[in-house]
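Peer 1: Input file: protein39.cif. Contents: mmCIF, C-alpha atoms.
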data_run
#
loop_
_atom_site.label_atom_id
_atom_site.label_comp_id
_atom_site.auth_asym_id
_atom_site.auth_seq_id
_atom_site.Cartn_x
_atom_site.Cartn_y
_atom_site.Cartn_z
CA MET A 1 13.11 -63.88 -9.74
CA MET A 2 10.32 -65.65 -7.89
CA ARG A 3 7.04 -66.07 -9.71
CA PRO A 4 3.87 -64.60 -8.06
CA VAL A 5 2.32 -68.09 -7.79
CA MET A 6 5.30 -69.42 -5.87
CA ARG A 7 5.35 -66.35 -3.61
CA ALA A 8 1.69 -66.89 -2.80
CA MET A 9 2.32 -70.56 -2.01
CA LEU A 10 5.22 -69.69 0.26
CA ARG A 11 3.15 -67.05 2.04
CA ARG A 12 0.32 -69.54 2.56
CA SER A 13 2.70 -72.20 3.90
CA SER A 14 4.18 -69.70 6.33
CA VAL A 15 0.75 -68.77 7.64
CA ILE A 16 -0.15 -72.44 8.17
CA PHE A 17 3.20 -73.16 9.81
CA PHE A 18 3.07 -70.26 12.25
CA THR A 19 -0.60 -70.83 13.05
CA ALA A 20 0.15 -74.46 13.85
CA LEU A 21 3.11 -73.41 15.95
CA ALA A 22 0.96 -70.93 17.86
CA LEU A 23 -1.70 -73.56 18.50
CA LEU A 24 0.84 -76.12 19.67
CA GLY A 25 2.32 -73.81 22.25
CA ALA A 26 -0.94 -72.12 23.16
CA ALA A 27 -2.14 -71.79 26.69
CA ARG A 28 -5.86 -71.46 27.14
CA ALA A 29 -7.79 -69.86 29.97
CA ALA A 30 -11.21 -71.40 29.52
CA GLU A 31 -14.19 -69.51 30.85
CA VAL A 32 -16.56 -71.62 32.88
CA PRO A 33 -20.00 -70.04 33.27
CA ALA A 34 -21.32 -70.52 36.82
CA LEU A 35 -22.61 -68.50 39.74
CA ALA A 36 -21.09 -68.75 43.19
CA THR A 37 -20.45 -66.28 45.96
CA GLY A 38 -18.49 -66.14 49.22
CA ASP A 39 -17.14 -69.41 50.54
CA ALA A 40 -18.78 -71.37 47.73
CA GLU A 41 -16.99 -69.31 45.10
CA LYS A 42 -13.68 -69.72 46.89
CA ALA A 43 -14.14 -73.49 47.21
CA LEU A 44 -15.25 -73.88 43.60
CA ARG A 45 -12.31 -71.85 42.26
CA GLU A 46 -9.94 -73.96 44.37
CA ALA A 47 -11.51 -77.16 43.07
CA LEU A 48 -11.27 -76.00 39.45
CA LYS A 49 -7.59 -75.26 39.97
CA ALA A 50 -7.00 -78.92 40.68
CA PHE A 51 -7.96 -79.71 37.08
CA GLU A 52 -5.63 -77.17 35.51
CA GLY A 53 -2.46 -78.14 33.75
CA GLY A 54 -0.96 -78.69 30.33
CA GLY A 55 -1.55 -75.10 29.35
CA LEU A 56 -5.19 -75.12 30.39
CA SER A 57 -6.59 -72.96 33.17
CA PHE A 58 -10.13 -72.08 34.19
CA THR A 59 -11.84 -68.87 35.19
CA LEU A 60 -15.37 -68.52 36.49
CA ARG A 61 -17.63 -66.28 34.46
CA SER A 62 -20.78 -65.05 36.18
CA GLN A 63 -21.78 -62.24 33.82
CA GLY A 64 -24.99 -63.08 32.01
CA VAL A 65 -25.16 -66.46 33.75
CA THR A 66 -28.31 -67.65 35.53
CA THR A 67 -27.41 -71.30 36.07
CA PRO A 68 -25.79 -73.29 37.62
CA LEU A 69 -25.68 -71.66 41.01
CA TYR A 70 -23.36 -73.07 43.69
CA THR A 71 -24.04 -72.60 47.38
CA LEU A 72 -22.56 -73.92 50.58
CA GLY A 73 -25.33 -75.40 52.70
CA GLY A 74 -29.07 -75.00 52.24
CA GLY A 75 -32.25 -74.47 54.21
CA VAL A 76 -33.53 -78.04 54.23
CA PRO A 77 -31.32 -80.50 56.17
CA PHE A 78 -29.25 -82.74 53.91
CA ASN A 79 -29.55 -86.49 53.91
CA PRO A 80 -26.64 -87.63 56.14
CA ASP A 81 -25.11 -89.68 53.31
CA SER A 82 -24.97 -86.91 50.72
CA GLY A 83 -22.12 -84.54 50.06
CA SER A 84 -24.07 -82.39 47.65
CA ARG A 85 -27.48 -82.14 46.04
CA THR A 86 -28.94 -80.44 43.00
CA LEU A 87 -32.20 -78.57 43.09
CA VAL A 88 -33.81 -77.71 39.78
CA ARG A 89 -36.04 -74.70 40.12
CA LYS A 90 -38.75 -73.27 37.92
CA GLY A 91 -37.24 -72.16 34.64
CA GLY A 92 -34.54 -74.82 34.78
CA VAL A 93 -32.23 -73.01 37.16
CA ARG A 94 -29.94 -75.58 38.75
CA GLU A 95 -28.75 -74.94 42.26
CA ILE A 96 -25.97 -77.18 43.50
CA GLN A 97 -25.81 -77.14 47.26
CA VAL A 98 -22.80 -78.61 49.00
CA ASN A 99 -23.41 -80.15 52.41
CA ALA A 100 -21.34 -77.87 54.61
CA ALA A 101 -22.08 -79.85 57.76
CA GLY A 102 -21.66 -83.22 56.11
CA ARG A 103 -19.44 -85.76 57.79
CA ALA A 104 -19.86 -88.48 55.22
CA LEU A 105 -17.47 -87.01 52.66
CA PRO A 106 -14.56 -84.55 52.90
CA LEU A 107 -15.67 -81.16 51.56
CA PRO A 108 -12.67 -80.60 49.21
CA ASP A 109 -13.43 -83.93 47.51
CA VAL A 110 -17.11 -83.05 47.10
CA TRP A 111 -16.13 -79.71 45.55
CA ARG A 112 -13.69 -81.42 43.19
CA SER A 113 -16.43 -83.83 42.19
CA GLU A 114 -18.75 -80.88 41.46
CA ALA A 115 -15.98 -79.05 39.61
CA ALA A 116 -15.46 -82.15 37.45
CA ARG A 117 -19.17 -82.12 36.55
CA LEU A 118 -19.04 -78.41 35.83
CA LEU A 119 -16.18 -79.04 33.43
CA GLY A 120 -18.21 -81.73 31.69
CA LEU A 121 -16.22 -84.71 32.92
CA GLU A 122 -18.15 -87.90 33.47
CA GLU A 123 -18.51 -88.07 37.21
CA PRO A 124 -20.33 -90.85 39.07
CA ILE A 125 -22.74 -89.84 41.80
CA PHE A 126 -20.97 -92.15 44.26
CA LEU A 127 -17.78 -90.89 45.81
CA SER A 128 -16.07 -93.60 47.79
CA GLY A 129 -12.75 -91.92 48.54
CA PRO A 130 -10.55 -88.96 47.73
CA ARG A 131 -11.27 -87.30 44.42
CA PRO A 132 -7.96 -86.02 43.07
CA ALA A 133 -7.72 -84.62 39.55
CA THR A 134 -6.16 -87.39 37.46
CA ASP A 135 -4.08 -87.43 34.29
CA ALA A 136 -7.12 -88.91 32.54
CA ASP A 137 -9.17 -85.88 33.63
CA ARG A 138 -6.57 -83.48 32.27
CA LYS A 139 -6.34 -85.39 29.02
CA ALA A 140 -10.12 -85.32 28.62
CA LEU A 141 -10.21 -81.61 29.40
CA LYS A 142 -7.43 -80.88 26.93
CA THR A 143 -9.35 -82.80 24.30
CA ARG A 144 -12.50 -80.88 25.11
CA PHE A 145 -11.11 -77.41 25.26
CA PHE A 146 -8.51 -77.59 22.50
CA THR A 147 -10.02 -79.61 19.67
CA GLY A 148 -13.26 -77.94 18.61
CA ALA A 149 -15.61 -80.43 16.97
CA ASP A 150 -13.12 -83.31 17.20
CA LEU A 151 -14.71 -84.29 20.48
CA ASN A 152 -12.88 -87.57 20.98
CA GLY A 153 -9.55 -86.07 19.92
CA ASP A 154 -8.80 -88.74 17.31
CA GLY A 155 -7.76 -86.19 14.71
CA LYS A 156 -10.91 -86.29 12.61
CA ILE A 157 -14.42 -84.96 12.83
CA ASP A 158 -16.74 -87.87 12.17
CA LEU A 159 -19.82 -89.75 13.36
CA SER A 160 -18.20 -90.84 16.61
CA ASP A 161 -17.89 -87.15 17.48
CA LEU A 162 -21.53 -86.70 16.56
CA GLY A 163 -22.36 -89.54 18.94
CA ILE A 164 -20.65 -87.64 21.74
CA LEU A 165 -22.54 -84.50 20.80
CA ALA A 166 -25.76 -86.52 20.81
CA GLY A 167 -24.96 -87.75 24.30
CA SER A 168 -24.88 -84.18 25.54
CA TYR A 169 -27.74 -82.84 23.46
CA GLY A 170 -30.25 -80.88 25.48
CA LYS A 171 -27.98 -80.51 28.48
CA VAL A 172 -27.77 -77.06 29.94
CA ALA A 173 -24.57 -76.84 31.92
CA PRO A 174 -21.21 -75.33 31.24
CA GLY A 175 -18.34 -77.43 29.96
CA GLN A 176 -20.56 -80.02 28.25
CA ARG A 177 -18.87 -82.03 25.53
CA GLY A 178 -20.43 -80.90 22.32
CA ASP A 179 -20.99 -77.32 23.44
CA LEU A 180 -19.09 -76.16 20.38
CA ASN A 181 -20.05 -72.52 20.65
CA ALA A 182 -19.36 -72.53 24.43
CA ASP A 183 -22.67 -70.90 25.34
CA GLY A 184 -23.36 -73.27 28.23
CA LYS A 185 -25.84 -75.47 26.39
CA VAL A 186 -25.75 -78.17 23.73
CA ASP A 187 -28.45 -77.36 21.24
CA ALA A 188 -29.34 -76.86 17.58
CA ALA A 189 -26.70 -74.16 17.24
CA ASP A 190 -24.01 -76.72 18.09
CA ILE A 191 -25.45 -79.17 15.57
CA LYS A 192 -25.35 -76.45 12.94
CA LEU A 193 -21.72 -75.79 13.79
CA PHE A 194 -20.99 -79.49 13.69
CA GLN A 195 -22.61 -79.78 10.27
CA GLU A 196 -20.35 -77.03 8.99
CA LEU A 197 -17.26 -78.78 10.32
CA TYR A 198 -18.29 -82.33 9.46
CA LYS A 199 -16.83 -83.98 6.37
CA PHE A 200 -18.45 -87.04 4.77
CA GLU A 201 -15.78 -89.52 3.80
CA MET B 30 -28.18 -88.40 0.20
CA LYS B 31 -25.83 -86.34 2.35
CA THR B 32 -28.61 -83.87 3.13
CA LEU B 33 -30.96 -86.71 4.03
CA ALA B 34 -28.39 -88.30 6.31
CA ARG B 35 -27.73 -84.99 8.00
CA ALA B 36 -31.42 -84.27 8.43
CA ALA B 37 -31.95 -87.74 9.93
CA VAL B 38 -29.12 -87.21 12.36
CA SER B 39 -30.45 -83.80 13.36
CA LEU B 40 -33.97 -85.12 13.87
CA SER B 41 -32.81 -88.03 15.98
CA LEU B 42 -30.75 -85.66 18.09
CA LEU B 43 -33.70 -83.40 18.68
CA SER B 44 -35.75 -86.25 20.10
CA LEU B 45 -33.17 -87.19 22.69
CA THR B 46 -33.78 -86.48 26.34
CA PHE B 47 -31.44 -87.06 29.22
CA ALA B 48 -31.75 -87.48 32.95
CA ALA B 49 -29.21 -85.29 34.65
CA GLN B 50 -27.60 -86.50 37.83
CA ALA B 51 -25.57 -84.22 39.99
CA THR B 52 -25.61 -85.47 43.53
CA THR B 53 -22.63 -86.73 45.49
CA LEU B 54 -23.29 -89.71 47.71
CA VAL B 55 -21.41 -92.14 49.88
CA PRO B 56 -21.82 -95.62 48.42
CA LEU B 57 -23.17 -97.97 51.07
CA THR B 58 -23.26 -101.74 51.08
CA LEU B 59 -26.49 -103.46 52.01
CA SER B 60 -25.09 -104.35 55.44
CA GLN B 61 -24.04 -100.73 56.03
CA GLN B 62 -27.49 -99.52 55.06
CA ILE B 63 -29.17 -101.96 57.40
CA LYS B 64 -26.88 -100.99 60.28
CA LYS B 65 -27.35 -97.25 59.71
CA ALA B 66 -31.13 -97.33 59.47
CA ASP B 67 -33.30 -96.12 62.35
CA LEU B 68 -36.19 -97.97 60.79
CA VAL B 69 -36.48 -100.79 58.29
CA LEU B 70 -40.04 -101.26 57.15
CA TYR B 71 -41.83 -103.45 54.67
CA VAL B 72 -44.55 -101.17 53.35
CA ARG B 73 -47.21 -100.60 50.75
CA VAL B 74 -47.78 -97.05 49.50
CA LEU B 75 -51.36 -95.93 50.14
CA GLY B 76 -51.15 -92.49 48.59
CA VAL B 77 -49.10 -89.40 47.92
CA VAL B 78 -49.90 -85.71 48.13
CA GLN B 79 -47.85 -82.60 47.60
CA GLU B 80 -47.52 -80.31 50.58
CA ASN B 81 -45.87 -76.91 50.56
CA ARG B 82 -43.82 -76.17 53.64
CA THR B 83 -42.12 -72.95 54.63
CA LEU B 84 -38.64 -73.05 56.04
CA GLY B 85 -37.08 -69.65 56.67
CA LYS B 86 -37.84 -67.42 53.70
CA GLU B 87 -38.61 -70.20 51.29
CA THR B 88 -41.69 -72.31 50.68
CA LEU B 89 -40.86 -75.61 49.05
CA PRO B 90 -42.96 -78.56 47.85
CA TRP B 91 -42.69 -82.02 49.43
CA GLN B 92 -44.08 -85.35 48.34
CA VAL B 93 -45.80 -86.83 51.37
CA TYR B 94 -46.36 -90.58 51.15
CA THR B 95 -48.85 -92.39 53.36
CA LEU B 96 -47.81 -95.94 54.13
CA GLU B 97 -49.37 -99.18 55.20
CA VAL B 98 -46.79 -101.01 57.28
CA LEU B 99 -46.86 -104.67 56.33
CA GLU B 100 -44.01 -105.51 58.69
CA SER B 101 -41.64 -103.56 60.94
CA LEU B 102 -38.23 -105.19 60.67
CA VAL B 103 -36.27 -102.60 62.64
CA GLY B 104 -37.68 -99.87 64.88
CA ASP B 105 -41.22 -98.69 65.42
CA ALA B 106 -43.15 -97.06 62.56
CA THR B 107 -44.97 -94.83 65.04
CA ALA B 108 -41.72 -92.86 65.21
CA LEU B 109 -42.66 -91.46 61.79
CA PRO B 110 -45.08 -88.53 61.40
CA GLN B 111 -48.66 -89.86 61.36
CA LYS B 112 -51.60 -88.90 59.21
CA GLU B 113 -54.98 -90.35 60.08
CA GLY B 114 -53.27 -93.07 62.04
CA LYS B 115 -50.92 -94.04 59.22
CA PRO B 116 -47.18 -93.36 59.09
CA THR B 117 -45.95 -90.92 56.47
CA LEU B 118 -42.65 -89.96 54.98
CA SER B 119 -41.70 -86.83 53.07
CA VAL B 120 -39.33 -86.33 50.16
CA LEU B 121 -38.35 -82.86 48.99
CA GLY B 122 -39.57 -81.94 45.51
CA GLY B 123 -42.66 -81.40 43.45
CA VAL B 124 -44.06 -79.39 40.60
CA ASP B 125 -41.51 -76.86 39.28
CA PHE B 126 -38.97 -77.92 41.87
CA THR B 127 -36.93 -81.11 41.66
CA LEU B 128 -34.39 -82.71 43.95
CA GLU B 129 -32.26 -84.64 41.46
CA GLY B 130 -31.92 -88.34 42.18
CA ALA B 131 -34.58 -88.38 44.89
CA PRO B 132 -36.62 -91.58 44.76
CA THR B 133 -40.25 -91.67 43.74
CA LEU B 134 -42.49 -94.32 45.24
CA LYS B 135 -45.35 -95.79 43.26
CA ALA B 136 -48.68 -94.57 44.57
CA PRO B 137 -51.98 -96.32 43.72
CA VAL B 138 -53.73 -95.17 40.57
CA ASN B 139 -57.36 -96.26 40.04
CA LYS B 140 -57.33 -100.06 40.45
CA ASP B 141 -53.54 -100.28 40.26
CA PRO B 142 -52.32 -100.69 43.85
CA GLY B 143 -49.43 -98.77 45.35
CA GLY B 144 -45.94 -100.23 45.22
CA GLU B 145 -44.51 -102.44 47.95
CA TYR B 146 -41.06 -101.68 49.27
CA ILE B 147 -38.50 -102.48 51.90
CA LEU B 148 -37.47 -99.04 53.11
CA MET B 149 -34.40 -98.22 55.19
CA LEU B 150 -35.13 -94.92 56.86
CA TYR B 151 -33.73 -92.21 59.07
CA LYS B 152 -36.09 -90.79 61.68
CA GLY B 153 -34.91 -87.19 61.28
CA SER B 154 -36.33 -84.70 58.83
CA PHE B 155 -34.09 -84.60 55.76
CA ASP B 156 -34.48 -83.78 52.06
CA SER B 157 -34.65 -87.54 51.51
CA PRO B 158 -35.35 -89.78 54.52
CA PHE B 159 -33.86 -92.91 52.93
CA VAL B 160 -30.52 -94.28 54.05
CA GLY B 161 -27.97 -93.42 51.38
CA PHE B 162 -30.35 -90.80 49.90
CA ASN B 163 -31.87 -93.23 47.42
CA GLN B 164 -29.97 -96.43 48.18
CA GLY B 165 -32.21 -97.68 50.97
CA VAL B 166 -35.25 -98.09 48.72
CA TYR B 167 -35.98 -101.64 47.59
CA PRO B 168 -39.07 -102.32 45.48
CA THR B 169 -40.50 -105.78 45.96
CA LEU B 170 -42.35 -107.70 43.29
CA SER B 171 -43.62 -111.30 43.29
CA GLY B 172 -41.68 -112.16 46.43
CA LYS B 173 -38.39 -110.74 45.14
CA VAL B 174 -36.44 -107.68 46.22
CA GLN B 175 -34.94 -105.37 43.62
CA ASN B 176 -32.68 -102.39 43.59
CA TYR B 177 -34.28 -99.01 43.04
CA PRO B 178 -33.75 -98.11 39.34
CA GLY B 179 -30.22 -96.91 38.74
CA ASN B 180 -28.82 -98.41 41.95
CA ARG B 181 -26.46 -101.35 41.97
CA THR B 182 -26.25 -102.43 45.59
CA GLU B 183 -25.05 -106.03 45.80
CA LEU B 184 -28.15 -107.78 47.12
CA GLY B 185 -27.02 -111.39 47.26
CA GLU B 186 -30.21 -113.39 47.77
CA THR B 187 -33.22 -111.48 46.42
CA ASP B 188 -35.94 -113.68 47.91
CA LEU B 189 -38.09 -111.39 50.09
CA LYS B 190 -38.17 -113.76 53.09
CA VAL B 191 -34.39 -114.28 53.00
CA PHE B 192 -33.84 -110.53 52.61
CA LYS B 193 -36.05 -109.73 55.60
CA ASN B 194 -34.25 -112.37 57.67
CA LYS B 195 -30.92 -110.82 56.77
CA VAL B 196 -32.14 -107.46 58.07
CA ILE B 197 -33.37 -109.00 61.32
CA VAL B 198 -30.18 -111.03 61.85
CA LEU B 199 -27.93 -108.03 61.18
CA ARG B 200 -29.85 -105.85 63.62
CA GLY B 201 -30.15 -108.54 66.27
CA GLY B 202 -33.93 -108.35 66.41
CA GLN B 203 -34.04 -104.59 67.22
#
Do you think you could lay out the structure here as structure tokens?
Peer 2:
Amino acid sequence: MMRPVMRAMLRRSSVIFFTALALLGAARAAEVPALATGDAEKALREALKAFEGGGLSFTLRSQGVTTPLYTLGGGVPFNPDSGSRTLVRKGGVREIQVNAAGRALPLPDVWRSEAARLLGLEEPIFLSGPRPATDADRKALKTRFFTGADLNGDGKIDLSDLGILAGSYGKVAPGQRGDLNADGKVDAADIKLFQELYKFE
Amino acid sequence: MKTLARAAVSLSLLSLTFAAQATTLVPLTLSQQIKKADLVLYVRVLGVVQENRTLGKETLPWQVYTLEVLESLVGDATALPQKEGKPTLSVLGGVDFTLEGAPTLKAPVNKDPGGEYILMLYKGSFDSPFVGFNQGVYPTLSGKVQNYPGNRTELGETDLKVFKNKVIVLRGGQ
């Protein structure tokens, strides 16, 4: 006859085992808060798709979102050498306008570049050629969307993760590294969460 | 100790500020910039004012710089909009409205004179009139040419005279 203590231990082990199994095989549809309509929405969705893979997919969420806003074209003529520009309006609303008439850069590459930024990938402002989604991008995204406060994905939550959080602190944009509560901004709430998860060694 | 360390970390985080950059640009070499420019001017900034302009349904602020042309290297500065006989150039942005990554030129303040620059410009009216959006802006100081902060265009020789000669040679005296 099994003792109650042993039964409890077995039950606990089973829970851990099956939870781990579920996490390993989990697919995640990450919500990306952003506003876009018409052709801009279509292009942005298409660009986000390029970064999917390894069980990770992205959906745009516009409900309750005021920024960033994506548009195709804009009233003021674009500089001929720019593929996109960001206007920051009163109240901090960011409007990313993609140069619809631009000849300098292929539009799908500009959209992929913007999608990469939206997902919180480090993206240089200069785009010298095609911008495909790379394995490194997917790895970074998997790290970001699957590992909670372990921001560098090294298996522990430590000061190097805090450094990453610090690098994003104050940023208001979806997909930022360090946006632990996924509310589209890296702020005191994320630090509080980090403090709860952080273990001094 | 732990609490102190955590508080210190939190405080240092709160004081951090970051410059966001979300513009997509074609990287241009110096030679490409020179060849693309309608105008290459060596200028001193005389002043800047904000002007609101209406385009369609929207009124937006612009920074309008008045320039003293020290030397026209390519093109004729009279092709630019004039204000009281001086050429001007306009960059989109102002109070409560920012065009990320757009260059800011140093205007005179009290006895501090305005900045001197080599500017590579398009004649048309754009959000930013500089070749490469912000790449064609080269501050000059003590006879040397520098990149605009954040830019890394390979300049080669930075001596102002040599730089100006390079522009003239590349454009064949246009």
Peer 1: Set the cut-off to 6 Å and count all atoms listed in the file: what are the residues of chain B that reach chain A? Output as a PyMOL selection string.
Peer 2: chain B and resi 42+51-56+125-129+155-157+161-162
Peer 1: Quote the spacing between CA of Arg61 (chain A) and CA of Leu35 (chain A) in Å to one decimal place.
Peer 2: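 One can read the CA of Arg61 (chain A) to CA of Leu35 (chain A) distance as 7.6 Å.
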Peer 1: For Ala50 (chain A), find every residue with an atom within 8 Å (counting all atoms listed in the file), except residues of its own chain fewer than 2 positions away, and show them as a list in words.
Peer 2: Glu46, Ala47, Leu48, Glu52, Arg112, Pro132 and Ala133 of chain A
Peer 1: Can you list what the PyMOL selection byres ((chain B and resi 146) around 8) grabs from this structure, as a ChimeraX atom specification?
Peer 2: /B:70-73,144-145,147-148,166-169
Peer 1: I'd like to see the residues matched by the PyMOL selection byres ((chain A and resi 141) around 10) on this file, and ideally I'd get them as a ChimeraX atom specification.
Peer 2: /A:51-54,56,116,119-121,135-140,142-147,175,177
Peer 1: Using only C-alpha atoms, which residues sit within 7 Å of region 196-198 of chain B once same-chain residues fewer than 3 positions away are excluded, as a compact mmCIF listing (two decimals) with C-alpha atoms, in the coordinates of the input?
Peer 2:
# COMPACT_ATOMS: atom_id res chain seq x y z
CA ILE B 63 -29.17 -101.96 57.40
CA LEU B 102 -38.23 -105.19 60.67
CA PHE B 192 -33.84 -110.53 52.61
CA LYS B 193 -36.05 -109.73 55.60
CA GLY B 201 -30.15 -108.54 66.27
CA GLY B 202 -33.93 -108.35 66.41
Peer 1: Just give me the gap between CA of Val32 (chain A) and CA of Leu151 (chain A) in Å, one decimal is fine.
Peer 2: 17.8 Å
Peer 1: CA of Ala36 (chain A) to CA of Ser62 (chain A): how many Å, to one decimal?
Peer 2: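 One can read the CA of Ala36 (chain A) to CA of Ser62 (chain A) distance as 7.9 Å.
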Peer 1: For each of B:Leu109, B:Met149, B:Leu199, B:Val77, take the minimum atom-to-atom distance to Gln62 (chain B), counting only C-alpha atoms, then give the residue where this is smallest.
Peer 2: B:Met149
Peer 1: Compare A:Thr59, A:Ser160, A:Ala149, A:Ala101 by their minimum atom-to-atom distance to Asp179 (chain A), counting only C-alpha atoms, and give me the closest one.
Peer 2: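 Of the candidates, the smallest distance to Asp179 (chain A) is held by A:Ala149.
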Peer 1: Counting all atoms listed in the file, find the residues whose atoms lie at most 12 Å from (-18.1, -67.7, 47.9) (file coordinates) and write them out as an NGL selection string.
Peer 2: :A and (34-46 or 60 or 69-73 or 98)
Peer 1: Tell me which protein, DNA and RNA residues are within 7 Å of Gln79 (chain B), counting all atoms listed in the file, leaving out same-chain ones fewer than 3 positions away, and put them as a ChimeraX atom specification.
Peer 2: /B:90-93,123
Peer 1: Determine, counting all atoms listed in the file, which protein, DNA and RNA residues have an atom within 8 Å of an atom of Pro137 (chain B); residues of the same chain fewer than 5 positions away are not included. Present the result as a list in words.
Peer 2: Val74, Leu75, Gly76, Pro142, Gly143 and Gly144 of chain B
Peer 1: Pick from B:Glu113, B:Glu80, B:Glu87, B:Asp67: nearest to Ser101 (chain B), with all atoms listed in the file counted?
Peer 2: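 Answer, going by the shortest atom-to-atom distance: B:Asp67.
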Peer 1: Please determine, counting all atoms listed in the file, which residue among B:Leu189, B:Val138, B:Ala108, B:Val124 has the shortest atom-to-atom distance to Ser154 (chain B).
Peer 2: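 Residue with the minimum atom-to-atom distance to Ser154 (chain B): B:Ala108.
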